[in-house]
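**Q** Supplied structure: work_31.cif, mmCIF, C-alpha atoms and all ligand atoms.
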data_query
#
loop_
_atom_site.group_PDB
_atom_site.id
_atom_site.type_symbol
_atom_site.label_atom_id
_atom_site.label_comp_id
_atom_site.auth_asym_id
_atom_site.auth_seq_id
_atom_site.Cartn_x
_atom_site.Cartn_y
_atom_site.Cartn_z
ATOM 1 C CA MET A 1 -13.399 11.119 -8.932
ATOM 2 C CA GLY A 2 -15.741 11.148 -11.903
ATOM 3 C CA THR A 3 -13.500 13.110 -14.235
ATOM 4 C CA LYS A 4 -11.733 11.113 -16.877
ATOM 5 C CA SER A 5 -8.047 10.668 -16.148
ATOM 6 C CA PRO A 6 -5.344 11.365 -18.699
ATOM 7 C CA GLU A 7 -4.157 8.307 -20.543
ATOM 8 C CA ILE A 8 -1.243 6.473 -19.002
ATOM 9 C CA LYS A 9 1.597 6.106 -21.480
ATOM 10 C CA THR A 10 4.249 3.400 -21.600
ATOM 11 C CA ALA A 11 6.907 6.147 -21.716
ATOM 12 C CA ASP A 12 5.735 7.406 -18.302
ATOM 13 C CA LEU A 13 6.223 3.989 -16.824
ATOM 14 C CA LYS A 14 9.774 3.665 -18.183
ATOM 15 C CA LYS A 15 10.691 7.046 -16.775
ATOM 16 C CA LEU A 16 9.157 6.253 -13.410
ATOM 17 C CA ARG A 17 10.999 2.943 -13.277
ATOM 18 C CA LYS A 18 14.335 4.717 -13.796
ATOM 19 C CA MET A 19 13.465 7.296 -11.142
ATOM 20 C CA MET A 20 12.535 4.593 -8.640
ATOM 21 C CA GLU A 21 15.753 2.702 -9.320
ATOM 22 C CA LYS A 22 17.671 5.836 -8.308
ATOM 23 C CA GLU A 23 15.427 6.716 -5.385
ATOM 24 C CA LEU A 24 15.105 3.352 -3.656
ATOM 25 C CA SER A 25 17.462 0.793 -2.147
ATOM 26 C CA ALA A 26 18.139 -2.228 -4.369
ATOM 27 C CA LYS A 27 15.892 -4.409 -2.216
ATOM 28 C CA ARG A 28 13.045 -1.899 -2.179
ATOM 29 C CA TYR A 29 13.343 -1.450 -5.940
ATOM 30 C CA GLU A 30 13.031 -5.219 -6.490
ATOM 31 C CA HIS A 31 9.940 -5.238 -4.266
ATOM 32 C CA THR A 32 8.549 -2.276 -6.204
ATOM 33 C CA LEU A 33 8.877 -4.052 -9.562
ATOM 34 C CA SER A 34 7.288 -7.179 -8.124
ATOM 35 C CA VAL A 35 4.365 -5.216 -6.716
ATOM 36 C CA ALA A 36 3.871 -3.384 -10.028
ATOM 37 C CA TYR A 37 3.652 -6.581 -12.095
ATOM 38 C CA THR A 38 1.630 -8.459 -9.489
ATOM 39 C CA ALA A 39 -0.825 -5.544 -9.402
ATOM 40 C CA ALA A 40 -1.036 -5.570 -13.217
ATOM 41 C CA SER A 41 -1.815 -9.292 -13.245
ATOM 42 C CA LEU A 42 -4.518 -8.844 -10.611
ATOM 43 C CA ALA A 43 -5.973 -5.981 -12.657
ATOM 44 C CA MET A 44 -6.146 -8.217 -15.733
ATOM 45 C CA VAL A 45 -7.979 -10.951 -13.861
ATOM 46 C CA HIS A 46 -10.400 -8.611 -12.132
ATOM 47 C CA GLY A 47 -11.263 -6.305 -15.022
ATOM 48 C CA ALA A 48 -9.337 -3.250 -13.799
ATOM 49 C CA ASP A 49 -6.848 -1.196 -15.820
ATOM 50 C CA PRO A 50 -3.392 -2.873 -15.816
ATOM 51 C CA ASP A 51 -1.639 0.370 -16.843
ATOM 52 C CA ARG A 52 -2.943 2.192 -13.791
ATOM 53 C CA ALA A 53 -2.031 -0.788 -11.631
ATOM 54 C CA LEU A 54 1.547 -0.665 -12.975
ATOM 55 C CA ILE A 55 1.926 3.028 -12.174
ATOM 56 C CA ALA A 56 0.417 2.617 -8.710
ATOM 57 C CA GLY A 57 2.723 -0.323 -7.975
ATOM 58 C CA MET A 58 5.773 1.457 -9.354
ATOM 59 C CA LEU A 59 5.229 4.466 -7.077
ATOM 60 C CA HIS A 60 3.586 2.964 -4.003
ATOM 61 C CA ASP A 61 6.748 2.954 -1.867
ATOM 62 C CA CYS A 62 8.386 6.036 -3.437
ATOM 63 C CA ALA A 63 8.747 7.597 0.048
ATOM 64 C CA LYS A 64 9.844 4.410 1.817
ATOM 65 C CA CYS A 65 13.561 5.199 1.766
ATOM 66 C CA LEU A 66 13.190 8.694 3.247
ATOM 67 C CA SER A 67 14.141 9.324 6.870
ATOM 68 C CA ASN A 68 11.460 9.768 9.545
ATOM 69 C CA LYS A 69 12.492 13.387 9.804
ATOM 70 C CA LYS A 70 12.017 13.929 6.083
ATOM 71 C CA LEU A 71 8.625 12.168 6.075
ATOM 72 C CA ILE A 72 7.410 14.383 8.906
ATOM 73 C CA SER A 73 8.715 17.542 7.275
ATOM 74 C CA ILE A 74 7.048 16.727 3.923
ATOM 75 C CA CYS A 75 3.725 16.323 5.715
ATOM 76 C CA GLU A 76 4.113 19.391 7.896
ATOM 77 C CA LYS A 77 5.194 21.667 5.057
ATOM 78 C CA ASN A 78 2.291 20.590 2.888
ATOM 79 C CA ASP A 79 -0.524 20.634 5.426
ATOM 80 C CA LEU A 80 -0.918 16.865 5.483
ATOM 81 C CA PRO A 81 -2.207 16.105 8.983
ATOM 82 C CA ILE A 82 -0.142 13.690 11.083
ATOM 83 C CA SER A 83 -1.969 11.583 13.660
ATOM 84 C CA GLU A 84 -0.425 10.558 16.965
ATOM 85 C CA THR A 85 -0.013 6.985 15.702
ATOM 86 C CA GLU A 86 1.642 8.147 12.492
ATOM 87 C CA ARG A 87 4.051 10.318 14.438
ATOM 88 C CA GLN A 88 5.050 7.311 16.528
ATOM 89 C CA ASN A 89 5.814 5.258 13.453
ATOM 90 C CA PRO A 90 6.525 7.439 10.424
ATOM 91 C CA ALA A 91 8.407 4.727 8.522
ATOM 92 C CA ALA A 92 5.488 2.276 8.503
ATOM 93 C CA LEU A 93 2.594 4.727 8.340
ATOM 94 C CA LEU A 94 3.656 8.071 6.899
ATOM 95 C CA HIS A 95 5.446 6.712 3.814
ATOM 96 C CA ALA A 96 2.044 6.047 2.269
ATOM 97 C CA LYS A 97 0.702 9.552 2.929
ATOM 98 C CA ALA A 98 3.915 11.321 1.918
ATOM 99 C CA GLY A 99 4.335 8.932 -1.029
ATOM 100 C CA SER A 100 0.907 9.770 -2.382
ATOM 101 C CA PHE A 101 1.747 13.467 -2.122
ATOM 102 C CA LEU A 102 5.067 12.988 -3.945
ATOM 103 C CA ALA A 103 3.405 10.851 -6.621
ATOM 104 C CA GLY A 104 1.312 13.929 -7.430
ATOM 105 C CA VAL A 105 3.816 16.752 -7.177
ATOM 106 C CA LYS A 106 7.117 15.075 -8.004
ATOM 107 C CA TYR A 107 6.152 12.203 -10.298
ATOM 108 C CA GLY A 108 3.292 13.891 -12.114
ATOM 109 C CA VAL A 109 0.404 11.546 -11.339
ATOM 110 C CA GLU A 110 -2.967 13.252 -11.748
ATOM 111 C CA ASP A 111 -5.190 10.211 -11.492
ATOM 112 C CA GLU A 112 -7.026 10.376 -8.143
ATOM 113 C CA ASP A 113 -7.569 6.634 -8.021
ATOM 114 C CA ILE A 114 -3.821 5.978 -8.301
ATOM 115 C CA LEU A 115 -3.060 8.621 -5.671
ATOM 116 C CA ASN A 116 -5.629 7.081 -3.296
ATOM 117 C CA ALA A 117 -4.291 3.587 -3.912
ATOM 118 C CA ILE A 118 -0.849 4.799 -2.804
ATOM 119 C CA ARG A 119 -2.302 6.777 0.089
ATOM 120 C CA TYR A 120 -4.115 3.756 1.552
ATOM 121 C CA HIS A 121 -1.754 0.935 0.609
ATOM 122 C CA THR A 122 -0.625 0.262 4.202
ATOM 123 C CA THR A 123 -3.869 0.519 6.210
ATOM 124 C CA GLY A 124 -6.571 0.192 3.563
ATOM 125 C CA ARG A 125 -9.761 2.164 4.170
ATOM 126 C CA PRO A 126 -13.498 1.480 4.154
ATOM 127 C CA GLY A 127 -15.031 1.484 0.674
ATOM 128 C CA MET A 128 -11.855 0.939 -1.340
ATOM 129 C CA SER A 129 -11.875 1.097 -5.168
ATOM 130 C CA SER A 130 -10.770 -1.959 -7.174
ATOM 131 C CA LEU A 131 -7.376 -0.361 -7.807
ATOM 132 C CA GLU A 132 -6.922 0.405 -4.099
ATOM 133 C CA LYS A 133 -7.677 -3.229 -3.229
ATOM 134 C CA ILE A 134 -5.398 -4.517 -5.982
ATOM 135 C CA LEU A 135 -2.423 -2.475 -4.783
ATOM 136 C CA TYR A 136 -3.018 -3.379 -1.138
ATOM 137 C CA ILE A 137 -3.145 -7.081 -2.030
ATOM 138 C CA ALA A 138 -0.230 -6.993 -4.507
ATOM 139 C CA ASP A 139 1.973 -5.411 -1.830
ATOM 140 C CA TYR A 140 1.239 -8.371 0.448
ATOM 141 C CA ILE A 141 1.480 -11.256 -2.026
ATOM 142 C CA GLU A 142 4.266 -10.247 -4.455
ATOM 143 C CA PRO A 143 6.710 -13.144 -5.014
ATOM 144 C CA GLY A 144 9.480 -11.587 -2.914
ATOM 145 C CA ARG A 145 7.361 -11.727 0.256
ATOM 146 C CA LYS A 146 8.211 -14.856 2.199
ATOM 147 C CA HIS A 147 7.213 -14.526 5.829
ATOM 148 C CA ALA A 148 3.492 -13.847 6.133
ATOM 149 C CA SER A 149 1.368 -16.731 7.306
ATOM 150 C CA ASN A 150 -1.174 -18.275 4.919
ATOM 151 C CA LEU A 151 0.679 -16.786 1.956
ATOM 152 C CA GLY A 152 -0.087 -19.691 -0.399
ATOM 153 C CA LEU A 153 -3.778 -19.575 0.422
ATOM 154 C CA ILE A 154 -3.927 -15.783 0.136
ATOM 155 C CA ARG A 155 -2.111 -15.820 -3.219
ATOM 156 C CA ARG A 156 -4.652 -18.233 -4.680
ATOM 157 C CA MET A 157 -7.561 -16.307 -3.178
ATOM 158 C CA ALA A 158 -6.307 -13.035 -4.672
ATOM 159 C CA TYR A 159 -7.025 -14.219 -8.208
ATOM 160 C CA ARG A 160 -10.582 -15.218 -7.300
ATOM 161 C CA ASP A 161 -12.037 -12.650 -4.917
ATOM 162 C CA LEU A 162 -10.562 -9.262 -3.972
ATOM 163 C CA ASP A 163 -12.855 -8.600 -0.997
ATOM 164 C CA GLU A 164 -12.355 -11.993 0.641
ATOM 165 C CA THR A 165 -8.604 -11.630 0.141
ATOM 166 C CA LEU A 166 -8.566 -8.119 1.586
ATOM 167 C CA LEU A 167 -10.410 -9.319 4.672
ATOM 168 C CA LYS A 168 -8.054 -12.242 5.182
ATOM 169 C CA ILE A 169 -4.967 -10.018 4.873
ATOM 170 C CA LEU A 170 -6.443 -7.472 7.298
ATOM 171 C CA GLU A 171 -7.274 -10.228 9.774
ATOM 172 C CA ASP A 172 -3.732 -11.650 9.582
ATOM 173 C CA THR A 173 -2.118 -8.187 9.758
ATOM 174 C CA LEU A 174 -4.142 -7.280 12.853
ATOM 175 C CA SER A 175 -3.291 -10.513 14.591
ATOM 176 C CA TYR A 176 0.383 -10.069 13.665
ATOM 177 C CA LEU A 177 0.429 -6.497 14.988
ATOM 178 C CA HIS A 178 -1.355 -7.566 18.189
ATOM 179 C CA SER A 179 1.023 -10.449 18.734
ATOM 180 C CA VAL A 180 4.154 -8.334 18.281
ATOM 181 C CA SER A 181 2.847 -5.518 20.457
ATOM 182 C CA SER A 182 2.208 -7.931 23.329
ATOM 183 C CA HIS A 183 5.929 -8.814 23.443
ATOM 184 C CA LEU A 184 8.710 -6.327 23.772
ATOM 185 C CA THR A 185 10.461 -7.514 20.640
ATOM 186 C CA ASP A 186 12.313 -5.680 17.899
ATOM 187 C CA ALA A 187 9.299 -6.172 15.688
ATOM 188 C CA ALA A 188 7.057 -4.428 18.234
ATOM 189 C CA GLN A 189 9.388 -1.487 18.336
ATOM 190 C CA LYS A 190 9.523 -1.465 14.573
ATOM 191 C CA ASN A 191 5.764 -1.572 14.076
ATOM 192 C CA GLY A 192 4.596 0.588 16.969
ATOM 193 C CA PRO A 193 0.910 1.060 17.708
ATOM 194 C CA LEU A 194 -1.942 -0.009 15.512
ATOM 195 C CA ASP A 195 -3.323 2.628 13.162
ATOM 196 C CA PRO A 196 -7.074 2.914 13.879
ATOM 197 C CA MET A 197 -7.660 2.930 10.101
ATOM 198 C CA THR A 198 -6.446 -0.679 9.816
ATOM 199 C CA GLN A 199 -9.036 -1.758 12.413
ATOM 200 C CA LYS A 200 -11.756 0.351 10.739
ATOM 201 C CA THR A 201 -11.036 -1.173 7.350
ATOM 202 C CA TYR A 202 -11.203 -4.673 8.837
ATOM 203 C CA GLU A 203 -14.556 -3.985 10.563
ATOM 204 C CA TYR A 204 -15.981 -2.479 7.371
ATOM 205 C CA TYR A 205 -15.108 -5.474 5.187
ATOM 206 C CA LYS A 206 -16.123 -7.999 7.843
ATOM 207 C CA THR A 207 -19.566 -6.415 8.032
ATOM 208 C CA SER A 208 -19.997 -5.843 4.297
ATOM 209 C CA LEU A 209 -18.983 -9.414 3.415
ATOM 210 C CA ARG A 210 -21.313 -10.939 6.010
ATOM 211 C CA LYS A 211 -24.218 -8.880 4.594
ATOM 212 C CA GLY A 212 -23.363 -9.635 0.980
HETATM 213 O O1 LIG A 301 6.018 -0.646 2.705
HETATM 214 P P1 LIG A 301 5.939 -2.147 2.705
HETATM 215 O O2 LIG A 301 6.880 -2.782 3.704
HETATM 216 O O3 LIG A 301 6.088 -2.755 1.359
HETATM 217 O O4 LIG A 301 4.463 -2.560 3.172
HETATM 218 P P2 LIG A 301 3.342 -1.644 3.870
HETATM 219 O O5 LIG A 301 3.285 -0.312 3.250
HETATM 220 O O6 LIG A 301 2.091 -2.477 3.875
HETATM 221 O O7 LIG A 301 3.833 -1.414 5.336
HETATM 222 C C1 LIG A 301 4.242 -2.487 6.022
HETATM 223 C C2 LIG A 301 4.240 -2.377 7.498
HETATM 224 O O8 LIG A 301 3.160 -1.645 8.004
HETATM 225 C C3 LIG A 301 4.098 -3.798 7.984
HETATM 226 O O9 LIG A 301 5.207 -4.052 8.836
HETATM 227 C C4 LIG A 301 2.806 -3.827 8.718
HETATM 228 C C5 LIG A 301 2.635 -2.382 9.083
HETATM 229 N N1 LIG A 301 1.264 -1.967 9.350
HETATM 230 C C6 LIG A 301 0.120 -2.215 8.674
HETATM 231 N N2 LIG A 301 -0.922 -1.697 9.337
HETATM 232 C C7 LIG A 301 -0.405 -1.101 10.443
HETATM 233 C C8 LIG A 301 0.985 -1.260 10.436
HETATM 234 N N3 LIG A 301 1.802 -0.767 11.395
HETATM 235 C C9 LIG A 301 1.239 -0.120 12.407
HETATM 236 N N4 LIG A 301 1.989 0.400 13.336
HETATM 237 N N5 LIG A 301 -0.111 0.070 12.485
HETATM 238 C C10 LIG A 301 -0.972 -0.407 11.528
HETATM 239 O O10 LIG A 301 -2.184 -0.239 11.649
HETATM 240 FE FE FE A 302 4.540 0.523 1.717
HETATM 241 FE FE FE A 303 5.418 -2.079 -0.531
#
Could you take the file, read its structure, and then write that structure out as structure tokens?
**A**
Amino acid sequence: MGTKSPEIKTADLKKLRKMMEKELSAKRYEHTLSVAYTAASLAMVHGADPDRALIAGMLHDCAKCLSNKKLISICEKNDLPISETERQNPAALLHAKAGSFLAGVKYGVEDEDILNAIRYHTTGRPGMSSLEKILYIADYIEPGRKHASNLGLIRRMAYRDLDETLLKILEDTLSYLHSVSSHLTDAAQKNGPLDPMTQKTYEYYKTSLRKG
């Protein structure tokens, strides 16, 4: 934080796009491109840097196609702590932590804000930067997403107010995770337990928006 980040070049983005095409499944790569350009458009509307948003979007799921075993070993070998919840659901929760690490060491990102945006793109965190909010929201609203409830409303909201949108997505995500965990469905097994950070982020934005 505070230090000025190196300039993001268009050449970096091209290279990263090629690397992601190789690294990810076709479906995940399509999602990645959609998130990158959705994040850039949100950045333009909200006065953030579209180049940083593109890089963050391009790399946000760079660890998503790794096995659970690989995700755990990346974290263990590099002293990234793994919580009990993360260990129970590496695919959903650890891909963000491992992905942020890889963005730094493998893909050459030095910008802390981009690394944090990747790190917190699944759970959010209290006190998020604009870029962190933009990536979190872009991941949820990109055009390829079809199933979330209130998607039309949330997509319109996203271009007006980042905080209100964040809160709405967190509220819907929590109620989705609660509803699936109360039934023994495939989705419950897929999602596993709630990460306490998701709840914390929700409480933080609920309180800060009520005060504001
Ligand atoms: O990687 P993506 O599928 O693009 O999206 P993502 O990184 O937001 O992760 C998506 C999954 O993570 C989605 O199925 C919802 C789930 N998720 C979000 N918060 C939590 C969570 N899963 C668990 N177990 N706990 C959470 O707190
Ligand atoms: Fe993700
Ligand atoms: Fe994603």
**Q** My list of candidates is A:Ser208, A:Ser129, A:Asn68, A:Thr32. Which is closest to ligand LIG 301 (chain A) when distances are computed with all atoms listed in the file?
**A**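 Selected residue with least distance to ligand LIG 301 (chain A): A:Thr32.
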**Q** Got a sec to check which residues lie within 8 Å of ligand FE 302 (chain A), using only C-alpha atoms and all ligand atoms, and send them as JSON, numbers by chain?
**A** {"A": [60, 61, 64, 92, 95, 96, 121, 122, 139]}
**Q** Excluding Leu162 of chain A and any residue of its chain fewer than 5 positions from it, enumerate the residues within 10 Å of it, using all atoms listed in the file, and give them as a ChimeraX atom specification.
**A** /A:42,46,130,133-134,136-137,157,167-168
**Q** Taking all atoms of segment 74-88 of chain A that the file lists, what box with edges along x, y and z, padded by 3 Å per side, do you get, with centre and edge lengths in Å to one decimal, as JSON?
**A**
{"center_x": 2.4, "center_y": 14.3, "center_z": 9.9, "size_x": 15.3, "size_y": 20.7, "size_z": 20.1}
**Q** Just give me the gap between atom CA of Glu76 of chain A and atom CA of Pro90 of chain A in Å, one decimal is fine.
**A**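 So the two atoms, atom CA of Glu76 of chain A and atom CA of Pro90 of chain A, lie 12.5 Å apart.
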**Q** So what do you get for atom C9 of ligand LIG 301 (chain A) versus atom CA of Pro196 of chain A, distance-wise?
**A** 9.0 Å
**Q** I want to know what sits within 7 Å of Leu54 of chain A, based on all atoms listed in the file, with residues of the same chain fewer than 6 positions away left out; could you give that as a ChimeraX atom specification?
**A** /A:36-37,39-40
**Q** Enter the distance from atom N1 of ligand LIG 301 (chain A) to atom CA of Glu21 of chain A, in Å, rounded to one decimal.
**A**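 The value is 24.1 Å.
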**Q** For chain A against ligand LIG 301 (chain A), with a cut-off of 10 Å and counting only C-alpha atoms and all ligand atoms, what is the closest atom pair and its distance in Å to one decimal for every residue that makes the cut, ordered by chain and number, as CSV?
**A**
residue,atom,partner,partner_atom,distance
A:Arg28,CA,A:LIG301,O3,7.9
A:His31,CA,A:LIG301,O3,7.3
A:Thr32,CA,A:LIG301,O3,8.0
A:Val35,CA,A:LIG301,O3,8.6
A:His60,CA,A:LIG301,O5,8.0
A:Asp61,CA,A:LIG301,O1,5.9
A:Cys62,CA,A:LIG301,O1,9.4
A:Ala63,CA,A:LIG301,O1,9.1
A:Lys64,CA,A:LIG301,O1,6.4
A:Cys65,CA,A:LIG301,O1,9.6
A:Thr85,CA,A:LIG301,N4,7.3
A:Glu86,CA,A:LIG301,N4,7.8
A:Gln88,CA,A:LIG301,N4,8.2
A:Asn89,CA,A:LIG301,N4,6.2
A:Pro90,CA,A:LIG301,N4,8.9
A:Ala91,CA,A:LIG301,O8,8.3
A:Ala92,CA,A:LIG301,O8,4.6
A:Leu93,CA,A:LIG301,N3,6.3
A:Leu94,CA,A:LIG301,O5,9.2
A:His95,CA,A:LIG301,O5,7.4
A:Ala96,CA,A:LIG301,O5,6.6
A:Ile118,CA,A:LIG301,O5,8.9
A:Arg119,CA,A:LIG301,O5,9.6
A:Tyr120,CA,A:LIG301,O5,8.6
A:His121,CA,A:LIG301,O5,5.8
A:Thr122,CA,A:LIG301,O6,3.9
A:Thr123,CA,A:LIG301,N2,4.8
A:Gly124,CA,A:LIG301,N2,8.3
A:Leu135,CA,A:LIG301,O6,9.8
A:Tyr136,CA,A:LIG301,O6,7.2
A:Ile137,CA,A:LIG301,O6,9.1
A:Ala138,CA,A:LIG301,O3,9.6
A:Asp139,CA,A:LIG301,O3,5.8
A:Tyr140,CA,A:LIG301,O6,6.9
A:Glu142,CA,A:LIG301,O3,9.7
A:Arg145,CA,A:LIG301,O3,9.1
A:Leu170,CA,A:LIG301,N2,8.2
A:Thr173,CA,A:LIG301,C6,6.5
A:Leu174,CA,A:LIG301,N2,7.3
A:Tyr176,CA,A:LIG301,C4,8.3
A:Leu177,CA,A:LIG301,N3,6.9
A:His178,CA,A:LIG301,N5,9.6
A:Ser181,CA,A:LIG301,N4,9.3
A:Ala187,CA,A:LIG301,O9,8.3
A:Ala188,CA,A:LIG301,N4,8.5
A:Gln189,CA,A:LIG301,N4,9.1
A:Lys190,CA,A:LIG301,O9,7.6
A:Asn191,CA,A:LIG301,N4,4.3
A:Gly192,CA,A:LIG301,N4,4.5
A:Pro193,CA,A:LIG301,N4,4.6
A:Leu194,CA,A:LIG301,N5,3.5
A:Asp195,CA,A:LIG301,O10,3.4
A:Pro196,CA,A:LIG301,O10,6.2
A:Met197,CA,A:LIG301,O10,6.5
A:Thr198,CA,A:LIG301,O10,4.7
A:Gln199,CA,A:LIG301,O10,7.1
A:Lys200,CA,A:LIG301,O10,9.6
A:Thr201,CA,A:LIG301,O10,9.9
